[in-house]
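Here's final36.csv, which has CSV, C-alpha atoms:
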chain,number,residue,atom,x,y,z
K,1,MET,CA,-154.3,39.0,-68.2
K,2,GLN,CA,-158.0,38.7,-68.7
K,3,ARG,CA,-158.7,39.1,-65.0
K,4,TRP,CA,-157.2,42.6,-65.2
K,5,ALA,CA,-159.5,43.9,-67.9
K,6,GLY,CA,-161.3,47.0,-66.7
K,7,ARG,CA,-159.1,47.3,-63.6
K,8,VAL,CA,-157.1,50.4,-62.8
K,9,ALA,CA,-153.3,50.7,-63.1
K,10,MET,CA,-151.0,53.6,-62.4
K,11,VAL,CA,-147.6,53.9,-64.1
K,12,THR,CA,-145.1,56.6,-63.1
K,13,GLY,CA,-142.6,57.9,-65.6
K,14,ALA,CA,-145.0,57.1,-68.4
K,15,SER,CA,-143.8,59.8,-70.8
K,16,SER,CA,-140.9,57.9,-72.3
K,17,GLY,CA,-138.8,54.8,-72.3
K,18,ILE,CA,-139.7,51.9,-70.0
K,19,GLY,CA,-142.7,53.7,-68.4
K,20,ALA,CA,-144.2,54.5,-71.8
K,21,ALA,CA,-143.7,50.9,-73.0
K,22,ILE,CA,-145.4,49.5,-69.9
K,23,THR,CA,-148.3,51.9,-70.2
K,24,LYS,CA,-148.9,51.0,-73.8
K,25,GLU,CA,-148.9,47.3,-73.0
K,26,LEU,CA,-151.3,47.5,-70.1
K,27,VAL,CA,-153.7,49.6,-72.2
K,28,LYS,CA,-153.5,47.1,-75.0
K,29,ASN,CA,-154.4,44.4,-72.4
K,30,GLY,CA,-157.6,46.2,-71.4
K,31,LEU,CA,-156.6,48.1,-68.3
K,32,LYS,CA,-157.5,51.7,-67.4
K,33,VAL,CA,-154.1,53.2,-67.0
K,34,ILE,CA,-153.2,56.5,-65.3
K,35,GLY,CA,-150.0,57.6,-67.0
K,36,MET,CA,-148.2,60.0,-64.7
K,37,ALA,CA,-145.2,62.2,-65.6
K,38,ARG,CA,-144.2,65.8,-65.9
K,39,ARG,CA,-144.1,65.7,-69.7
K,40,VAL,CA,-147.8,65.0,-70.1
K,41,GLU,CA,-147.8,66.0,-73.7
K,42,ASN,CA,-145.9,62.8,-74.5
K,43,ILE,CA,-148.5,60.7,-72.7
K,44,GLU,CA,-151.3,62.5,-74.5
K,45,ALA,CA,-149.6,61.6,-77.9
K,46,LEU,CA,-149.4,58.0,-76.7
K,47,SER,CA,-153.1,58.1,-75.7
K,48,ALA,CA,-154.0,59.3,-79.2
K,49,SER,CA,-152.2,56.3,-80.7
K,50,LEU,CA,-154.2,53.9,-78.5
K,51,GLN,CA,-157.7,54.9,-79.4
K,52,SER,CA,-158.6,51.5,-80.7
K,53,ALA,CA,-157.0,49.6,-77.8
K,54,ALA,CA,-159.0,47.5,-75.4
K,55,GLY,CA,-158.2,49.7,-72.4
K,56,GLN,CA,-157.9,53.4,-71.9
K,57,LEU,CA,-155.1,55.8,-71.0
K,58,TYR,CA,-155.6,58.8,-68.8
K,59,PRO,CA,-152.6,61.2,-69.1
K,60,VAL,CA,-151.8,63.1,-65.9
K,61,LYS,CA,-149.2,65.7,-65.3
K,62,ALA,CA,-147.5,65.4,-61.9
K,63,ASP,CA,-144.0,65.8,-60.4
K,64,LEU,CA,-143.3,62.9,-58.0
K,65,THR,CA,-141.1,65.1,-55.9
K,66,ARG,CA,-144.1,67.2,-54.9
K,67,GLU,CA,-146.4,65.5,-52.4
K,68,ASN,CA,-149.4,67.7,-53.1
K,69,GLU,CA,-149.3,66.9,-56.8
K,70,VAL,CA,-149.1,63.1,-56.2
K,71,CYS,CA,-151.8,63.1,-53.6
K,72,SER,CA,-154.0,65.2,-55.9
K,73,VAL,CA,-153.7,62.5,-58.6
K,74,PHE,CA,-154.7,59.8,-56.3
K,75,ARG,CA,-157.7,61.8,-55.2
K,76,TRP,CA,-158.7,62.3,-58.8
K,77,VAL,CA,-158.4,58.5,-59.4
K,78,LYS,CA,-160.6,57.8,-56.4
K,79,SER,CA,-163.3,60.2,-57.5
K,80,ASN,CA,-163.3,59.2,-61.2
K,81,LEU,CA,-162.1,55.6,-61.4
K,82,GLY,CA,-162.6,54.2,-57.9
K,83,GLY,CA,-159.0,53.6,-57.0
K,84,VAL,CA,-155.7,51.9,-58.0
K,85,ASP,CA,-155.4,48.2,-58.3
K,86,VAL,CA,-151.9,48.0,-59.9
K,87,LEU,CA,-149.0,50.4,-59.3
K,88,VAL,CA,-145.9,50.3,-61.5
K,89,ASN,CA,-143.2,52.5,-60.1
K,90,SER,CA,-141.1,53.2,-63.2
K,91,ALA,CA,-140.1,56.9,-62.8
K,92,GLY,CA,-136.4,57.4,-62.0
K,93,VAL,CA,-133.4,59.6,-62.6
K,94,ALA,CA,-129.7,58.9,-62.6
K,95,SER,CA,-126.5,61.0,-62.3
K,96,ALA,CA,-123.1,61.0,-63.8
K,97,ASN,CA,-121.7,62.1,-60.5
K,98,SER,CA,-120.3,59.8,-57.8
K,99,LEU,CA,-120.6,60.0,-54.1
K,100,ILE,CA,-117.3,61.8,-53.9
K,101,ASP,CA,-117.8,64.5,-56.6
K,102,GLY,CA,-121.6,64.7,-56.7
K,103,PRO,CA,-123.2,68.0,-55.7
K,104,VAL,CA,-125.5,67.5,-52.7
K,105,GLU,CA,-128.4,69.1,-54.7
K,106,LYS,CA,-128.2,66.3,-57.2
K,107,TRP,CA,-128.2,63.7,-54.4
K,108,LYS,CA,-131.3,65.3,-53.0
K,109,HIS,CA,-133.1,65.2,-56.4
K,110,ILE,CA,-132.3,61.6,-56.9
K,111,LEU,CA,-133.4,60.6,-53.4
K,112,GLU,CA,-136.6,62.7,-53.6
K,113,LEU,CA,-137.6,61.1,-56.9
K,114,ASN,CA,-136.3,57.5,-56.7
K,115,ILE,CA,-137.0,56.9,-53.1
K,116,LEU,CA,-139.4,59.4,-51.5
K,117,GLY,CA,-141.6,59.8,-54.7
K,118,GLN,CA,-141.8,56.0,-55.1
K,119,SER,CA,-142.6,55.5,-51.5
K,120,LEU,CA,-145.3,58.1,-51.6
K,121,CYS,CA,-147.0,56.5,-54.6
K,122,THR,CA,-146.7,53.1,-52.9
K,123,LYS,CA,-148.3,54.4,-49.7
K,124,GLU,CA,-151.2,56.0,-51.6
K,125,ALA,CA,-151.8,52.9,-53.7
K,126,ILE,CA,-151.9,50.6,-50.7
K,127,GLN,CA,-154.3,53.0,-48.9
K,128,SER,CA,-156.5,52.9,-52.0
K,129,MET,CA,-156.5,49.1,-52.1
K,130,ASN,CA,-157.2,48.9,-48.3
K,131,GLU,CA,-160.2,51.3,-48.5
K,132,ARG,CA,-161.9,49.1,-51.1
K,133,GLY,CA,-160.9,45.7,-49.8
K,134,VAL,CA,-158.8,44.9,-52.8
K,135,ASN,CA,-156.8,41.8,-51.9
K,136,ASP,CA,-155.3,41.0,-55.3
K,137,GLY,CA,-153.6,44.3,-56.1
K,138,HIS,CA,-150.0,44.4,-57.4
K,139,ILE,CA,-147.1,46.8,-56.9
K,140,VAL,CA,-144.2,46.5,-59.4
K,141,ASN,CA,-141.0,48.4,-58.8
K,142,ILE,CA,-138.8,48.8,-61.8
K,143,ASN,CA,-135.5,48.5,-60.1
K,144,SER,CA,-131.9,48.2,-61.2
K,145,MET,CA,-129.6,45.2,-62.0
K,146,GLN,CA,-126.9,47.1,-60.2
K,147,LYS,CA,-128.5,46.5,-56.9
K,148,HIS,CA,-127.3,42.9,-57.1
K,149,ALA,CA,-123.7,44.0,-57.5
K,150,CYS,CA,-122.9,46.9,-55.3
K,151,ALA,CA,-124.1,49.8,-53.2
K,152,HIS,CA,-123.7,53.2,-55.0
K,153,ILE,CA,-125.4,56.5,-55.3
K,154,ARG,CA,-126.4,55.6,-58.8
K,155,ILE,CA,-128.6,52.7,-57.7
K,156,SER,CA,-130.7,54.7,-55.3
K,157,LYS,CA,-133.9,53.0,-56.6
K,158,TYR,CA,-132.8,50.0,-54.5
K,159,GLY,CA,-133.5,52.2,-51.4
K,160,ILE,CA,-137.0,50.8,-51.5
K,161,ARG,CA,-137.3,47.6,-49.5
K,162,PHE,CA,-140.6,45.9,-49.2
K,163,THR,CA,-142.0,45.9,-45.6
K,164,GLN,CA,-144.7,43.6,-44.4
K,165,ASP,CA,-147.6,46.0,-45.3
K,166,VAL,CA,-146.3,46.2,-48.9
K,167,ALA,CA,-145.7,42.4,-48.9
K,168,GLU,CA,-149.4,41.8,-48.6
K,169,ARG,CA,-149.9,43.6,-52.0
K,170,ASN,CA,-148.0,41.1,-54.2
K,171,PRO,CA,-144.9,43.2,-54.7
K,172,CYS,CA,-142.4,42.5,-57.4
K,173,SER,CA,-138.9,44.0,-57.7
K,174,LEU,CA,-138.2,43.8,-61.5
K,175,SER,CA,-134.5,44.4,-62.2
K,176,PRO,CA,-133.4,44.8,-65.8
K,177,GLY,CA,-129.9,45.0,-67.1
K,178,THR,CA,-129.0,47.7,-69.6
K,179,VAL,CA,-132.1,49.1,-71.3
K,180,ARG,CA,-131.8,51.4,-74.3
K,181,THR,CA,-133.7,54.6,-73.3
K,182,ASP,CA,-132.9,58.4,-73.2
K,183,LEU,CA,-132.1,58.3,-69.5
K,184,PRO,CA,-128.3,58.1,-69.9
K,185,GLU,CA,-128.1,61.1,-72.2
K,186,ALA,CA,-130.5,63.1,-70.1
K,187,SER,CA,-128.4,62.3,-67.0
K,188,GLY,CA,-125.1,63.1,-68.6
K,189,LEU,CA,-123.9,59.5,-68.4
K,190,THR,CA,-121.4,57.9,-70.8
K,191,ASP,CA,-123.1,56.1,-73.6
K,192,PRO,CA,-123.7,52.5,-72.2
K,193,TYR,CA,-124.8,51.1,-75.5
K,194,GLN,CA,-121.6,51.3,-77.5
K,195,ASP,CA,-120.3,47.8,-78.1
K,196,ASN,CA,-122.6,46.4,-75.4
K,197,PRO,CA,-125.8,44.4,-75.6
K,198,TYR,CA,-129.0,46.0,-74.3
K,199,LEU,CA,-132.7,45.4,-73.8
K,200,GLU,CA,-135.5,47.4,-75.3
K,201,PRO,CA,-138.2,49.0,-73.2
K,202,GLN,CA,-140.7,46.6,-74.7
K,203,ASP,CA,-138.7,43.7,-73.1
K,204,VAL,CA,-139.4,45.2,-69.6
K,205,ALA,CA,-143.0,45.8,-70.5
K,206,ASP,CA,-143.3,42.2,-71.5
K,207,ALA,CA,-141.9,41.2,-68.1
K,208,VAL,CA,-144.5,43.3,-66.3
K,209,VAL,CA,-147.2,41.6,-68.3
K,210,TYR,CA,-145.8,38.2,-67.2
K,211,VAL,CA,-145.8,39.3,-63.6
K,212,LEU,CA,-149.4,40.4,-63.7
K,213,GLY,CA,-150.4,37.5,-66.0
K,214,THR,CA,-149.5,34.7,-63.6
K,215,ARG,CA,-152.3,32.8,-61.9
K,216,PRO,CA,-153.7,34.4,-58.8
K,217,HIS,CA,-151.9,32.0,-56.4
K,218,VAL,CA,-148.5,32.8,-57.9
K,219,GLN,CA,-146.4,35.8,-56.7
K,220,VAL,CA,-143.3,36.8,-58.6
K,221,SER,CA,-141.4,38.6,-55.9
K,222,GLU,CA,-138.1,39.1,-57.7
K,223,LEU,CA,-137.4,39.1,-61.5
K,224,ILE,CA,-134.1,39.8,-63.2
K,225,ILE,CA,-133.9,40.2,-67.0
K,226,ARG,CA,-130.7,40.9,-68.9
K,227,PRO,CA,-129.7,41.1,-72.5
K,228,MET,CA,-127.9,38.1,-73.9
K,229,GLY,CA,-124.2,38.5,-73.7
K,230,GLU,CA,-124.2,41.2,-71.1
K,231,THR,CA,-121.1,40.8,-68.9
K,232,ARG,CA,-121.0,44.2,-67.1
K,233,ILE,CA,-123.5,45.9,-64.8
Could the structure of this file be written out as structure tokens, please?
Amino acid sequence: MQRWAGRVAMVTGASSGIGAAITKELVKNGLKVIGMARRVENIEALSASLQSAAGQLYPVKADLTRENEVCSVFRWVKSNLGGVDVLVNSAGVASANSLIDGPVEKWKHILELNILGQSLCTKEAIQSMNERGVNDGHIVNINSMQKHACAHIRISKYGIRFTQDVAERNPCSLSPGTVRTDLPEASGLTDPYQDNPYLEPQDVADAVVYVLGTRPHVQVSELIIRPMGETRI
């Protein structure tokens, strides 16, 4: 990870769960990290706890479903930090509703955040890298283990497929199994942790560090991590 010291990373969904754990780990490894989320007060609290870390955290409030807010953040990064070298798309939302009974408005919100918001951040990050001639940048999408099993409205994060222009930026699709976060409760989903093994957000953060920490000639394009003993998806 030494080659990333002083470089700039952006993590979406940085206010809690997986995004917060990734943000913390990257700051500890010396990166300048823009933590983006709506609940910026959570990121500010995390920043206060990392004052002695090797890197620095910049809390930024933004709603990924609002193009003007996302583009404004990237303009700020360009003006103040030069640009983005690493993008971790961690923000996401789920729903207890299925394709049959789900209200259309909930579908729209899921697609706007999990697909359009992620795509917009990816587009802006690639433009940032291209403008500065950065040829070793990374894009990591925190995906879903469910994508390997079936197509369903709840796995909308798999709507992002890497095209050739993204493929030139060392993309990685990181698909964890069940991770213990507050997402299920916030989404009205049945408790997935009862009598089932699960990962912690730190496990996913460690996987991101592994992806970034490989030697420059190595690309980890797909990574699946699951809790020991998990039998369902």
- [ ] Write out as number ranges by chain each polymer residue whose atoms come within 7 Å of Leu64 of chain K, counting all atoms listed in the file; drop sequence neighbours fewer than 4 positions from it.
- [x] K: 70, 113, 117
- [ ] Tell me, as a ChimeraX atom specification, which residues lie within 10 Å of segment 121-131 of chain K, counting only C-alpha atoms; anything in the same chain fewer than 5 positions away does not count.
- [x] /K:9-12,64,67,70-71,73-75,77-78,82-89,116,136-141,165-166,168-169
Open item on the list: as a PyMOL selection string, please: the residues near segment 43-48 of chain K (cut-off 8 Å, all atoms listed in the file, same-chain neighbours under 6 positions excluded).
Closed with: chain K and resi 14-15+20+24+35+37+56-60
Task: All residues 9 Å or closer to Met228 of chain K, all atoms listed in the file, same chain fewer than 3 positions away omitted, as a list in words - done: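 What passes the distance filter is Pro197, Tyr198, Leu199 and Thr231 of chain K.
Across the model, the gap from atom CA of Asp203 of chain K to atom CA of Thr181 of chain K is 12.0 Å.
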Open item on the list: I'd like the interatomic distance between atom CA of Leu223 of chain K and atom CA of Gln194 of chain K, to a tenth of an Å.
Closed with: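 Value for the atom CA of Leu223 of chain K-atom CA of Gln194 of chain K distance: 25.6 Å.
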